[in-house]
>>> print(open('my_file34.cif').read())   # mmCIF, C-alpha atoms
data_upload
#
loop_
_atom_site.group_PDB
_atom_site.id
_atom_site.type_symbol
_atom_site.label_atom_id
_atom_site.label_comp_id
_atom_site.auth_asym_id
_atom_site.auth_seq_id
_atom_site.Cartn_x
_atom_site.Cartn_y
_atom_site.Cartn_z
ATOM 1 C CA MET D 4 75.649 54.007 10.879
ATOM 2 C CA THR D 5 73.246 51.570 12.540
ATOM 3 C CA ASP D 6 75.724 48.696 12.262
ATOM 4 C CA THR D 7 78.449 50.803 13.857
ATOM 5 C CA LEU D 8 76.154 51.723 16.769
ATOM 6 C CA LYS D 9 75.207 48.076 17.309
ATOM 7 C CA THR D 10 78.866 47.074 17.339
ATOM 8 C CA SER D 11 79.821 49.781 19.882
ATOM 9 C CA VAL D 12 76.973 48.721 22.169
ATOM 10 C CA ALA D 13 77.666 45.015 21.828
ATOM 11 C CA ILE D 14 81.309 45.272 22.874
ATOM 12 C CA PRO D 15 80.744 46.527 26.473
ATOM 13 C CA VAL D 16 77.791 44.152 26.889
ATOM 14 C CA ALA D 17 79.957 41.224 25.846
ATOM 15 C CA SER D 18 82.720 42.342 28.187
ATOM 16 C CA ILE D 19 80.271 42.551 31.079
ATOM 17 C CA ARG D 20 78.911 39.110 30.319
ATOM 18 C CA GLY D 21 82.451 37.769 30.218
ATOM 19 C CA ARG D 22 82.853 38.716 33.888
ATOM 20 C CA ARG D 23 79.991 36.468 34.948
ATOM 21 C CA ASN D 24 80.456 32.884 35.999
ATOM 22 C CA ALA D 25 78.330 29.902 34.952
ATOM 23 C CA ALA D 26 75.663 30.735 37.553
ATOM 24 C CA GLY D 27 75.265 34.263 36.172
ATOM 25 C CA ILE D 28 76.885 35.954 39.174
ATOM 26 C CA ARG D 29 79.011 38.944 38.248
ATOM 27 C CA TRP D 30 82.498 38.959 39.715
ATOM 28 C CA GLY D 31 84.242 42.120 40.818
ATOM 29 C CA SER D 32 87.700 43.337 40.002
ATOM 30 C CA PRO D 33 90.534 40.912 40.902
ATOM 31 C CA GLY D 34 92.418 43.791 42.490
ATOM 32 C CA VAL D 35 89.596 44.323 44.988
ATOM 33 C CA TYR D 36 89.670 40.657 45.988
ATOM 34 C CA LEU D 37 93.446 40.774 46.327
ATOM 35 C CA LEU D 38 93.290 43.878 48.540
ATOM 36 C CA ALA D 39 90.544 42.316 50.682
ATOM 37 C CA LEU D 40 92.604 39.126 51.048
ATOM 38 C CA VAL D 41 95.646 41.111 52.159
ATOM 39 C CA LEU D 42 93.650 43.073 54.733
ATOM 40 C CA ILE D 43 91.986 39.918 56.079
ATOM 41 C CA THR D 44 95.378 38.242 56.374
ATOM 42 C CA ILE D 45 96.800 41.228 58.274
ATOM 43 C CA CYS D 46 93.864 41.180 60.710
ATOM 44 C CA ILE D 47 93.667 37.426 61.265
ATOM 45 C CA THR D 48 97.385 36.574 61.467
ATOM 46 C CA PRO D 49 98.009 38.087 64.960
ATOM 47 C CA VAL D 50 94.896 36.373 66.325
ATOM 48 C CA LEU D 51 95.920 32.999 64.920
ATOM 49 C CA TYR D 52 99.456 33.478 66.216
ATOM 50 C CA ILE D 53 98.164 34.057 69.752
ATOM 51 C CA ILE D 54 95.795 31.061 69.630
ATOM 52 C CA ILE D 55 98.370 28.681 68.156
ATOM 53 C CA GLY D 56 101.087 30.029 70.457
ATOM 54 C CA GLY D 57 99.062 28.827 73.425
ATOM 55 C CA PHE D 58 99.574 25.251 72.222
ATOM 56 C CA ARG D 59 103.367 25.563 72.369
ATOM 57 C CA THR D 60 105.946 25.465 75.106
ATOM 58 C CA ASN D 61 108.249 28.303 76.049
ATOM 59 C CA SER D 62 111.219 26.448 74.609
ATOM 60 C CA GLN D 63 109.432 26.066 71.275
ATOM 61 C CA ILE D 64 108.610 29.774 71.174
ATOM 62 C CA THR D 65 112.210 30.681 72.030
ATOM 63 C CA ALA D 66 113.667 28.329 69.419
ATOM 64 C CA ASP D 67 111.379 29.425 66.565
ATOM 65 C CA PRO D 68 108.637 31.989 67.292
ATOM 66 C CA SER D 69 106.913 31.424 63.942
ATOM 67 C CA ALA D 70 106.944 27.603 63.854
ATOM 68 C CA TRP D 71 103.983 25.279 64.386
ATOM 69 C CA PRO D 72 103.638 23.476 67.725
ATOM 70 C CA SER D 73 105.609 20.233 67.756
ATOM 71 C CA PRO D 74 104.167 18.547 69.692
ATOM 72 C CA TRP D 75 100.878 20.312 70.470
ATOM 73 C CA VAL D 76 100.624 21.139 74.177
ATOM 74 C CA PHE D 77 97.133 21.480 75.691
ATOM 75 C CA ALA D 78 98.277 21.953 79.279
ATOM 76 C CA ASN D 79 98.450 25.750 78.934
ATOM 77 C CA TYR D 80 94.761 26.011 78.129
ATOM 78 C CA THR D 81 93.673 23.430 80.697
ATOM 79 C CA ASP D 82 95.668 25.178 83.427
ATOM 80 C CA VAL D 83 94.019 28.516 82.637
ATOM 81 C CA LEU D 84 90.539 26.966 82.541
ATOM 82 C CA ALA D 85 91.180 25.254 85.858
ATOM 83 C CA SER D 86 92.152 28.502 87.610
ATOM 84 C CA ASP D 87 89.617 30.473 89.638
ATOM 85 C CA VAL D 88 91.222 33.756 88.588
ATOM 86 C CA PHE D 89 90.122 33.337 84.973
ATOM 87 C CA TRP D 90 86.517 32.509 85.813
ATOM 88 C CA THR D 91 86.313 35.338 88.331
ATOM 89 C CA ALA D 92 87.415 37.819 85.673
ATOM 90 C CA MET D 93 84.962 36.223 83.246
ATOM 91 C CA ARG D 94 82.124 36.654 85.733
ATOM 92 C CA ASN D 95 83.034 40.289 86.417
ATOM 93 C CA SER D 96 83.151 41.071 82.703
ATOM 94 C CA GLY D 97 79.789 39.355 82.218
ATOM 95 C CA ILE D 98 78.153 41.346 85.010
ATOM 96 C CA SER D 99 79.610 44.583 83.672
ATOM 97 C CA ALA D 100 78.587 43.869 80.079
ATOM 98 C CA ILE D 101 75.052 42.689 80.905
ATOM 99 C CA GLY D 102 74.417 45.591 83.279
ATOM 100 C CA THR D 103 75.681 48.097 80.723
ATOM 101 C CA THR D 104 73.603 46.532 77.946
ATOM 102 C CA LEU D 105 70.365 46.540 79.932
ATOM 103 C CA GLY D 106 70.855 50.113 81.119
ATOM 104 C CA ALA D 107 71.841 51.462 77.703
ATOM 105 C CA VAL D 108 68.961 49.700 75.917
ATOM 106 C CA VAL D 109 66.221 50.643 78.405
ATOM 107 C CA LEU D 110 67.266 54.276 78.797
ATOM 108 C CA GLY D 111 68.172 54.604 75.116
ATOM 109 C CA VAL D 112 64.794 53.321 73.884
ATOM 110 C CA MET D 113 62.884 55.657 76.186
ATOM 111 C CA ALA D 114 64.950 58.722 75.280
ATOM 112 C CA SER D 115 64.857 57.874 71.567
ATOM 113 C CA TYR D 116 61.078 57.457 71.674
ATOM 114 C CA VAL D 117 60.618 60.933 73.121
ATOM 115 C CA ILE D 118 63.013 62.537 70.624
ATOM 116 C CA ALA D 119 61.529 60.709 67.635
ATOM 117 C CA ARG D 120 57.786 60.915 68.367
ATOM 118 C CA TYR D 121 57.190 64.144 70.301
ATOM 119 C CA GLU D 122 57.534 67.813 69.422
ATOM 120 C CA PHE D 123 58.891 70.067 72.159
ATOM 121 C CA SER D 124 61.234 73.003 72.529
ATOM 122 C CA GLY D 125 64.852 72.000 72.769
ATOM 123 C CA LYS D 126 64.336 68.731 70.884
ATOM 124 C CA ALA D 127 67.020 69.521 68.300
ATOM 125 C CA VAL D 128 69.408 70.686 71.010
ATOM 126 C CA MET D 129 68.909 67.465 72.961
ATOM 127 C CA TYR D 130 69.540 65.321 69.909
ATOM 128 C CA SER D 131 72.625 67.365 69.018
ATOM 129 C CA LEU D 132 73.882 66.966 72.568
ATOM 130 C CA PHE D 133 73.684 63.178 72.318
ATOM 131 C CA ALA D 134 75.320 63.316 68.888
ATOM 132 C CA ALA D 135 78.152 65.409 70.327
ATOM 133 C CA GLY D 136 78.695 62.681 72.919
ATOM 134 C CA LEU D 137 80.137 60.514 70.153
ATOM 135 C CA MET D 138 83.127 62.860 69.980
ATOM 136 C CA PHE D 139 84.130 62.406 73.636
ATOM 137 C CA PRO D 140 85.739 59.034 74.406
ATOM 138 C CA VAL D 141 86.204 57.851 77.951
ATOM 139 C CA THR D 142 89.915 58.738 77.857
ATOM 140 C CA VAL D 143 89.045 62.442 77.630
ATOM 141 C CA ALA D 144 86.849 62.437 80.721
ATOM 142 C CA ILE D 145 88.664 59.849 82.810
ATOM 143 C CA THR D 146 90.053 62.278 85.418
ATOM 144 C CA PRO D 147 86.817 64.131 86.346
ATOM 145 C CA LEU D 148 84.931 60.854 85.995
ATOM 146 C CA TYR D 149 87.211 59.172 88.508
ATOM 147 C CA LEU D 150 86.752 62.047 90.957
ATOM 148 C CA LEU D 151 82.980 61.816 90.599
ATOM 149 C CA ILE D 152 82.947 58.056 91.130
ATOM 150 C CA ARG D 153 85.223 58.413 94.151
ATOM 151 C CA ASN D 154 82.909 61.017 95.686
ATOM 152 C CA LEU D 155 79.990 58.657 95.140
ATOM 153 C CA GLY D 156 81.848 55.872 96.933
ATOM 154 C CA LEU D 157 81.821 53.545 93.912
ATOM 155 C CA VAL D 158 85.547 52.889 93.650
ATOM 156 C CA ASN D 159 86.256 49.132 93.677
ATOM 157 C CA ASN D 160 82.643 48.501 92.802
ATOM 158 C CA LEU D 161 81.314 47.104 89.528
ATOM 159 C CA ALA D 162 78.578 49.735 89.628
ATOM 160 C CA GLY D 163 81.349 52.326 89.306
ATOM 161 C CA ILE D 164 82.116 51.096 85.796
ATOM 162 C CA ILE D 165 78.593 50.068 84.756
ATOM 163 C CA LEU D 166 77.028 53.509 85.230
ATOM 164 C CA PRO D 167 79.670 55.435 83.210
ATOM 165 C CA GLN D 168 79.615 52.761 80.494
ATOM 166 C CA ILE D 169 75.860 53.225 80.190
ATOM 167 C CA ALA D 170 76.365 56.974 79.785
ATOM 168 C CA PHE D 171 79.005 56.503 77.077
ATOM 169 C CA ALA D 172 76.844 53.938 75.268
ATOM 170 C CA LEU D 173 73.758 56.181 75.162
ATOM 171 C CA PRO D 174 74.879 58.465 72.277
ATOM 172 C CA THR D 175 75.375 55.541 69.907
ATOM 173 C CA THR D 176 72.138 53.942 71.104
ATOM 174 C CA ILE D 177 70.061 57.055 70.527
ATOM 175 C CA ILE D 178 71.619 57.896 67.155
ATOM 176 C CA ILE D 179 70.743 54.409 65.889
ATOM 177 C CA LEU D 180 67.270 54.095 67.438
ATOM 178 C CA VAL D 181 65.813 57.497 66.551
ATOM 179 C CA PRO D 182 65.519 56.693 62.792
ATOM 180 C CA PHE D 183 63.822 53.385 63.646
ATOM 181 C CA LEU D 184 61.217 55.071 65.813
ATOM 182 C CA LYS D 185 60.657 57.899 63.341
ATOM 183 C CA ALA D 186 59.903 55.358 60.604
ATOM 184 C CA ILE D 187 56.868 54.001 62.502
ATOM 185 C CA PRO D 188 53.786 55.517 60.812
ATOM 186 C CA LYS D 189 51.764 57.943 62.896
ATOM 187 C CA GLU D 190 48.610 56.407 61.442
ATOM 188 C CA LEU D 191 49.487 53.244 63.351
ATOM 189 C CA GLU D 192 49.621 55.193 66.596
ATOM 190 C CA GLU D 193 46.292 56.869 65.817
ATOM 191 C CA ALA D 194 44.693 53.500 65.091
ATOM 192 C CA ALA D 195 45.998 52.103 68.349
ATOM 193 C CA SER D 196 44.638 55.138 70.194
ATOM 194 C CA ILE D 197 41.196 54.594 68.654
ATOM 195 C CA ASP D 198 41.305 50.978 69.821
ATOM 196 C CA GLY D 199 41.857 52.233 73.365
ATOM 197 C CA ALA D 200 45.640 51.767 73.673
ATOM 198 C CA SER D 201 47.409 54.306 75.840
ATOM 199 C CA ARG D 202 50.705 55.883 74.865
ATOM 200 C CA LEU D 203 52.532 53.549 77.208
ATOM 201 C CA GLY D 204 50.635 50.567 75.814
ATOM 202 C CA PHE D 205 51.469 51.610 72.252
ATOM 203 C CA PHE D 206 55.098 51.923 73.280
ATOM 204 C CA TRP D 207 55.309 48.393 74.702
ATOM 205 C CA ARG D 208 53.028 46.590 72.246
ATOM 206 C CA MET D 209 53.945 48.292 68.975
ATOM 207 C CA VAL D 210 57.080 50.419 69.227
ATOM 208 C CA ILE D 211 59.350 47.841 70.851
ATOM 209 C CA PRO D 212 58.461 44.946 68.483
ATOM 210 C CA LEU D 213 58.737 47.136 65.381
ATOM 211 C CA SER D 214 62.113 48.560 66.426
ATOM 212 C CA LEU D 215 63.483 45.232 67.636
ATOM 213 C CA PRO D 216 66.272 45.040 64.979
ATOM 214 C CA GLY D 217 67.645 48.372 66.147
ATOM 215 C CA VAL D 218 67.280 47.411 69.814
ATOM 216 C CA ILE D 219 69.226 44.197 69.238
ATOM 217 C CA THR D 220 71.920 46.104 67.350
ATOM 218 C CA VAL D 221 72.516 48.693 70.065
ATOM 219 C CA GLY D 222 72.419 45.950 72.692
ATOM 220 C CA ILE D 223 75.158 44.012 70.911
ATOM 221 C CA LEU D 224 77.311 47.124 70.477
ATOM 222 C CA ALA D 225 76.903 48.070 74.134
ATOM 223 C CA PHE D 226 77.720 44.522 75.262
ATOM 224 C CA ILE D 227 80.899 44.264 73.184
ATOM 225 C CA GLY D 228 82.027 47.763 74.184
ATOM 226 C CA ALA D 229 81.590 46.985 77.875
ATOM 227 C CA TRP D 230 83.186 43.541 77.570
ATOM 228 C CA ASN D 231 86.310 44.999 75.960
ATOM 229 C CA GLY D 232 86.459 48.054 78.224
ATOM 230 C CA TYR D 233 89.921 48.657 79.654
ATOM 231 C CA MET D 234 90.576 52.288 80.556
ATOM 232 C CA LEU D 235 87.657 52.793 82.956
ATOM 233 C CA PRO D 236 88.104 49.525 84.916
ATOM 234 C CA LEU D 237 91.833 50.266 85.127
ATOM 235 C CA PHE D 238 91.151 53.471 87.101
ATOM 236 C CA ILE D 239 88.155 52.284 89.113
ATOM 237 C CA LEU D 240 88.982 48.696 90.079
ATOM 238 C CA ASN D 241 91.942 47.817 92.289
ATOM 239 C CA ASP D 242 90.621 44.739 94.071
ATOM 240 C CA GLN D 243 91.929 41.530 92.469
ATOM 241 C CA SER D 244 88.545 39.844 92.902
ATOM 242 C CA LEU D 245 86.816 42.540 90.822
ATOM 243 C CA LEU D 246 89.138 42.653 87.815
ATOM 244 C CA THR D 247 87.501 42.237 84.412
ATOM 245 C CA LEU D 248 89.027 40.152 81.628
ATOM 246 C CA PRO D 249 91.107 42.933 80.004
ATOM 247 C CA LEU D 250 92.615 43.751 83.400
ATOM 248 C CA GLY D 251 92.908 40.044 84.139
ATOM 249 C CA VAL D 252 95.052 39.602 81.042
ATOM 250 C CA GLN D 253 97.357 42.412 82.152
ATOM 251 C CA ASN D 254 97.567 41.057 85.697
ATOM 252 C CA PHE D 255 98.175 37.509 84.486
ATOM 253 C CA ALA D 256 100.871 38.665 82.051
ATOM 254 C CA SER D 257 102.701 40.523 84.826
ATOM 255 C CA GLN D 258 102.572 37.518 87.164
ATOM 256 C CA TYR D 259 103.654 34.991 84.531
ATOM 257 C CA SER D 260 105.853 37.216 82.403
ATOM 258 C CA VAL D 261 108.399 34.432 81.909
ATOM 259 C CA ASP D 262 105.711 31.907 80.884
ATOM 260 C CA THR D 263 104.893 33.290 77.431
ATOM 261 C CA ALA D 264 102.942 30.237 76.276
ATOM 262 C CA ARG D 265 100.543 30.377 79.216
ATOM 263 C CA VAL D 266 100.054 34.111 78.741
ATOM 264 C CA LEU D 267 99.127 33.479 75.098
ATOM 265 C CA ALA D 268 96.657 30.806 76.184
ATOM 266 C CA TYR D 269 95.051 33.153 78.722
ATOM 267 C CA THR D 270 94.822 35.902 76.111
ATOM 268 C CA SER D 271 93.226 33.536 73.595
ATOM 269 C CA LEU D 272 90.558 32.375 76.031
ATOM 270 C CA SER D 273 89.876 35.988 77.068
ATOM 271 C CA MET D 274 89.162 37.209 73.546
ATOM 272 C CA LEU D 275 87.242 34.085 72.493
ATOM 273 C CA PRO D 276 83.839 35.036 74.039
ATOM 274 C CA ALA D 277 83.794 38.427 72.317
ATOM 275 C CA LEU D 278 84.775 36.871 68.980
ATOM 276 C CA ILE D 279 82.055 34.224 69.224
ATOM 277 C CA PHE D 280 79.443 36.743 70.332
ATOM 278 C CA PHE D 281 80.284 39.146 67.516
ATOM 279 C CA SER D 282 80.378 36.365 64.921
ATOM 280 C CA LEU D 283 76.959 35.063 65.939
ATOM 281 C CA PHE D 284 75.274 38.464 65.810
ATOM 282 C CA GLU D 285 77.206 40.083 62.959
ATOM 283 C CA ARG D 286 74.194 39.957 60.622
ATOM 284 C CA ARG D 287 72.026 41.522 63.312
ATOM 285 C CA ILE D 288 74.431 44.439 63.585
ATOM 286 C CA VAL D 289 74.588 45.004 59.822
ATOM 287 C CA GLY D 290 70.823 44.653 59.452
ATOM 288 C CA GLY D 291 70.143 47.059 62.303
ATOM 289 C CA LEU D 292 72.523 49.698 60.979
ATOM 290 C CA THR D 293 71.046 49.323 57.486
ATOM 291 C CA GLY D 294 67.564 49.890 58.857
ATOM 292 C CA ALA D 295 68.754 52.961 60.734
ATOM 293 C CA VAL D 296 70.209 54.444 57.539
ATOM 294 C CA LYS D 297 67.025 53.747 55.585
ATOM 295 C CA GLY D 298 64.912 55.245 58.328
#
>>> encode(input="my_file34.cif", output="structure tokens")
Amino acid sequence: MTDTLKTSVAIPVASIRGRRNAAGIRWGSPGVYLLALVLITICITPVLYIIIGGFRTNSQITADPSAWPSPWVFANYTDVLASDVFWTAMRNSGISAIGTTLGAVVLGVMASYVIARYEFSGKAVMYSLFAAGLMFPVTVAITPLYLLIRNLGLVNNLAGIILPQIAFALPTTIIILVPFLKAIPKELEEAASIDGASRLGFFWRMVIPLSLPGVITVGILAFIGAWNGYMLPLFILNDQSLLTLPLGVQNFASQYSVDTARVLAYTSLSMLPALIFFSLFERRIVGGLTGAVKG
């Protein structure tokens, strides 16, 4: 009986050990890796096609849309980089994204601090209201939002897209930051109060540094969301000198509709900053969201 039990236990243990490599790292199922590889290929292939297509000529694209550049043409990218239109759109997108990020982070931290650390009537309703804001994308409110911005005289003004983008970024900011601020021990606040720190001093000296991973995460999400924003700038901005990069791509594609290679080059350069920014701070985003879940 004992020998049979040992044999039944040894078989799964041996099978588990057989899935480990020489370094002792356990490998997952080959099917999972195959599925992940297929999904990665589906996501990356269009991006690579656009980037590589910018190094081709229109005749090459017409002859064989899926072939490699032969020869490689760099003039499409250099022409786009030499144009003032591209850098103007880049500047407008930068101003919009930075303004949205600063506004969403500052207002989000203050509102999250009040919701997380203070007890007052209507606290749950306020938090639920911000949570409900996640269910309303900008496309739902674009008509009344446009009327409001027009009445405020902010049409054809970057402030007309920064302020609404801050409002739409606040729900995500508050949902992520509240768990961070709740996780700060109250004993730490009491100790700071005994040492003579005011509530505002505790907020700046203790709360902000301790919640910095969450602050960085919401800042990155707000920046990327504002940088890639399309619907709101499309309704608010009509002046060519105020177009952001997504609108710049559309405008450039309509002007050079017959020059496919140059349009691909412009599109590649437009999406490159967001890709680099997201790649550099990807770990920050994952770490911040993990901390919010733990909190």
>>> resolve_selection(input="my_file34.cif", expression="the PyMOL selection byres ((chain D and resi 250-259) around 9)", output="ChimeraX atom specification")
/D:88-89,92-93,233,236-237,243,246-249,260-263,265-267,269-270,273
>>> closest_atom_pairs(input="my_file34.cif", of="segment 211-249 of chain D", to="segment 107-119 of chain D", cutoff="8 Å", atoms="all atoms listed in the file", output="JSON lines")
{"residue": "D:Val218", "atom": "CA", "partner": "D:Val108", "partner_atom": "CA", "distance": 6.7}
{"residue": "D:Val221", "atom": "CA", "partner": "D:Val108", "partner_atom": "CA", "distance": 6.9}
{"residue": "D:Gly222", "atom": "CA", "partner": "D:Val108", "partner_atom": "CA", "distance": 6.0}
{"residue": "D:Ala225", "atom": "CA", "partner": "D:Ala107", "partner_atom": "CA", "distance": 7.1}
>>> resolve_selection(input="my_file34.cif", expression="the PyMOL selection byres ((chain D and resi 104) around 10)", output="PyMOL selection string")
chain D and resi 98-103+105-109+165+168-169+172+221-229
>>> write_last_selection(input="my_file34.cif", atoms="C-alpha atoms", output="PDB file, keeping the file's coordinate frame")
ATOM      1  CA  ILE D  98      78.153  41.346  85.010  1.00  0.00           C
ATOM      2  CA  SER D  99      79.610  44.583  83.672  1.00  0.00           C
ATOM      3  CA  ALA D 100      78.587  43.869  80.079  1.00  0.00           C
ATOM      4  CA  ILE D 101      75.052  42.689  80.905  1.00  0.00           C
ATOM      5  CA  GLY D 102      74.417  45.591  83.279  1.00  0.00           C
ATOM      6  CA  THR D 103      75.681  48.097  80.723  1.00  0.00           C
ATOM      7  CA  LEU D 105      70.365  46.540  79.932  1.00  0.00           C
ATOM      8  CA  GLY D 106      70.855  50.113  81.119  1.00  0.00           C
ATOM      9  CA  ALA D 107      71.841  51.462  77.703  1.00  0.00           C
ATOM     10  CA  VAL D 108      68.961  49.700  75.917  1.00  0.00           C
ATOM     11  CA  VAL D 109      66.221  50.643  78.405  1.00  0.00           C
ATOM     12  CA  ILE D 165      78.593  50.068  84.756  1.00  0.00           C
ATOM     13  CA  GLN D 168      79.615  52.761  80.494  1.00  0.00           C
ATOM     14  CA  ILE D 169      75.860  53.225  80.190  1.00  0.00           C
ATOM     15  CA  ALA D 172      76.844  53.938  75.268  1.00  0.00           C
ATOM     16  CA  VAL D 221      72.516  48.693  70.065  1.00  0.00           C
ATOM     17  CA  GLY D 222      72.419  45.950  72.692  1.00  0.00           C
ATOM     18  CA  ILE D 223      75.158  44.012  70.911  1.00  0.00           C
ATOM     19  CA  LEU D 224      77.311  47.124  70.477  1.00  0.00           C
ATOM     20  CA  ALA D 225      76.903  48.070  74.134  1.00  0.00           C
ATOM     21  CA  PHE D 226      77.720  44.522  75.262  1.00  0.00           C
ATOM     22  CA  ILE D 227      80.899  44.264  73.184  1.00  0.00           C
ATOM     23  CA  GLY D 228      82.027  47.763  74.184  1.00  0.00           C
ATOM     24  CA  ALA D 229      81.590  46.985  77.875  1.00  0.00           C
TER      25      ALA D 229
END
>>> resolve_selection(input="my_file34.cif", expression="the PyMOL selection byres ((chain D and resi 184-186) around 10)", output="PyMOL selection string")
chain D and resi 112+115-121+179-183+187-189+210-211+213-214+217+294-295+297-298
>>> atom_distance(input="my_file34.cif", atom1="atom CA of Arg208 of chain D", atom2="atom CA of Ser196 of chain D")
12.2 Å
>>> closest_residue(input="my_file34.cif", among="D:Ile47, D:Met129, D:Leu235, D:Leu42", to="Pro147 of chain D", atoms="only C-alpha atoms")
D:Leu235
>>> atom_distance(input="my_file34.cif", atom1="atom CA of Met274 of chain D", atom2="atom CA of Ser244 of chain D")
19.5 Å
>>> atom_distance(input="my_file34.cif", atom1="atom CA of Met138 of chain D", atom2="atom CA of Gly125 of chain D")
20.6 Å
>>> axis_aligned_box(input="my_file34.cif", around="segment 218-223 of chain D", padding_each_side="4 Å", output="JSON")
{"center_x": 71.2, "center_y": 46.4, "center_z": 70.0, "size_x": 15.9, "size_y": 12.7, "size_z": 13.3}
>>> residues_around(input="my_file34.cif", residues="Pro174 of chain D", least_positions_apart="4", cutoff="7 Å", atoms="all atoms listed in the file", output="mmCIF file with C-alpha atoms, in the coordinates of the input")
data_model
loop_
_atom_site.group_PDB
_atom_site.id
_atom_site.type_symbol
_atom_site.label_atom_id
_atom_site.label_comp_id
_atom_site.auth_asym_id
_atom_site.auth_seq_id
_atom_site.Cartn_x
_atom_site.Cartn_y
_atom_site.Cartn_z
ATOM 1 C CA PHE D 133 73.684 63.178 72.318
ATOM 2 C CA ALA D 134 75.320 63.316 68.888
ATOM 3 C CA GLY D 136 78.695 62.681 72.919
ATOM 4 C CA LEU D 137 80.137 60.514 70.153
ATOM 5 C CA ILE D 178 71.619 57.896 67.155
#
>>> residues_around(input="my_file34.cif", residues="Leu245 of chain D", least_positions_apart="2", cutoff="8 Å", atoms="all atoms listed in the file", output="PDB file with C-alpha atoms, keeping the file's coordinate frame")
ATOM      1  CA  THR D  91      86.313  35.338  88.331  1.00  0.00           C
ATOM      2  CA  ALA D  92      87.415  37.819  85.673  1.00  0.00           C
ATOM      3  CA  ASN D  95      83.034  40.289  86.417  1.00  0.00           C
ATOM      4  CA  ASN D 159      86.256  49.132  93.677  1.00  0.00           C
ATOM      5  CA  ASN D 160      82.643  48.501  92.802  1.00  0.00           C
ATOM      6  CA  LEU D 161      81.314  47.104  89.528  1.00  0.00           C
ATOM      7  CA  LEU D 240      88.982  48.696  90.079  1.00  0.00           C
ATOM      8  CA  ASN D 241      91.942  47.817  92.289  1.00  0.00           C
ATOM      9  CA  ASP D 242      90.621  44.739  94.071  1.00  0.00           C
ATOM     10  CA  GLN D 243      91.929  41.530  92.469  1.00  0.00           C
ATOM     11  CA  THR D 247      87.501  42.237  84.412  1.00  0.00           C
TER      12      THR D 247
END
>>> residues_around(input="my_file34.cif", residues="Val141 of chain D", least_positions_apart="5", cutoff="10 Å", atoms="all atoms listed in the file", output="PyMOL selection string")
chain D and resi 146+148+167-168+171+232+234-235
>>> residues_around(input="my_file34.cif", residues="Ser69 of chain D", least_positions_apart="3", cutoff="10 Å", atoms="all atoms listed in the file", output="list of chain:residue names")
D:Tyr52, D:Ile55, D:Gly56, D:Gln63, D:Ile64, D:Thr65, D:Ala66, D:Pro72
>>> closest_residue(input="my_file34.cif", among="D:Ala200, D:Arg286, D:Leu272, D:Phe238", to="Thr142 of chain D", atoms="only C-alpha atoms")
D:Phe238
>>> build_atoms(input="my_file34.cif", residues="segment 248-259 of chain D", atoms="N, CA and C atoms", output="JSON list (two decimals), keeping the file's coordinate frame")
[["chain", "number", "residue", "atom", "x", "y", "z"],
["D", 248, "LEU", "N", 88.11, 40.93, 82.45],
["D", 248, "LEU", "CA", 89.03, 40.15, 81.63],
["D", 248, "LEU", "C", 90.19, 40.97, 81.05],
["D", 249, "PRO", "N", 89.95, 42.17, 80.49],
["D", 249, "PRO", "CA", 91.11, 42.93, 80.00],
["D", 249, "PRO", "C", 92.14, 43.21, 81.09],
["D", 250, "LEU", "N", 91.67, 43.55, 82.30],
["D", 250, "LEU", "CA", 92.62, 43.75, 83.40],
["D", 250, "LEU", "C", 93.20, 42.42, 83.87],
["D", 251, "GLY", "N", 92.40, 41.36, 83.77],
["D", 251, "GLY", "CA", 92.91, 40.04, 84.14],
["D", 251, "GLY", "C", 94.05, 39.61, 83.25],
["D", 252, "VAL", "N", 93.96, 39.93, 81.96],
["D", 252, "VAL", "CA", 95.05, 39.60, 81.04],
["D", 252, "VAL", "C", 96.32, 40.35, 81.44],
["D", 253, "GLN", "N", 96.19, 41.62, 81.75],
["D", 253, "GLN", "CA", 97.36, 42.41, 82.15],
["D", 253, "GLN", "C", 97.94, 41.87, 83.45],
["D", 254, "ASN", "N", 97.09, 41.56, 84.41],
["D", 254, "ASN", "CA", 97.57, 41.06, 85.70],
["D", 254, "ASN", "C", 98.23, 39.69, 85.54],
["D", 255, "PHE", "N", 97.61, 38.84, 84.71],
["D", 255, "PHE", "CA", 98.18, 37.51, 84.49],
["D", 255, "PHE", "C", 99.52, 37.60, 83.76],
["D", 256, "ALA", "N", 99.62, 38.51, 82.80],
["D", 256, "ALA", "CA", 100.87, 38.66, 82.05],
["D", 256, "ALA", "C", 101.99, 39.18, 82.95],
["D", 257, "SER", "N", 101.67, 40.03, 83.92],
["D", 257, "SER", "CA", 102.70, 40.52, 84.83],
["D", 257, "SER", "C", 103.14, 39.45, 85.81],
["D", 258, "GLN", "N", 102.22, 38.57, 86.22],
["D", 258, "GLN", "CA", 102.57, 37.52, 87.16],
["D", 258, "GLN", "C", 103.36, 36.40, 86.50],
["D", 259, "TYR", "N", 103.00, 36.08, 85.24],
["D", 259, "TYR", "CA", 103.65, 34.99, 84.53],
["D", 259, "TYR", "C", 104.39, 35.54, 83.30]]
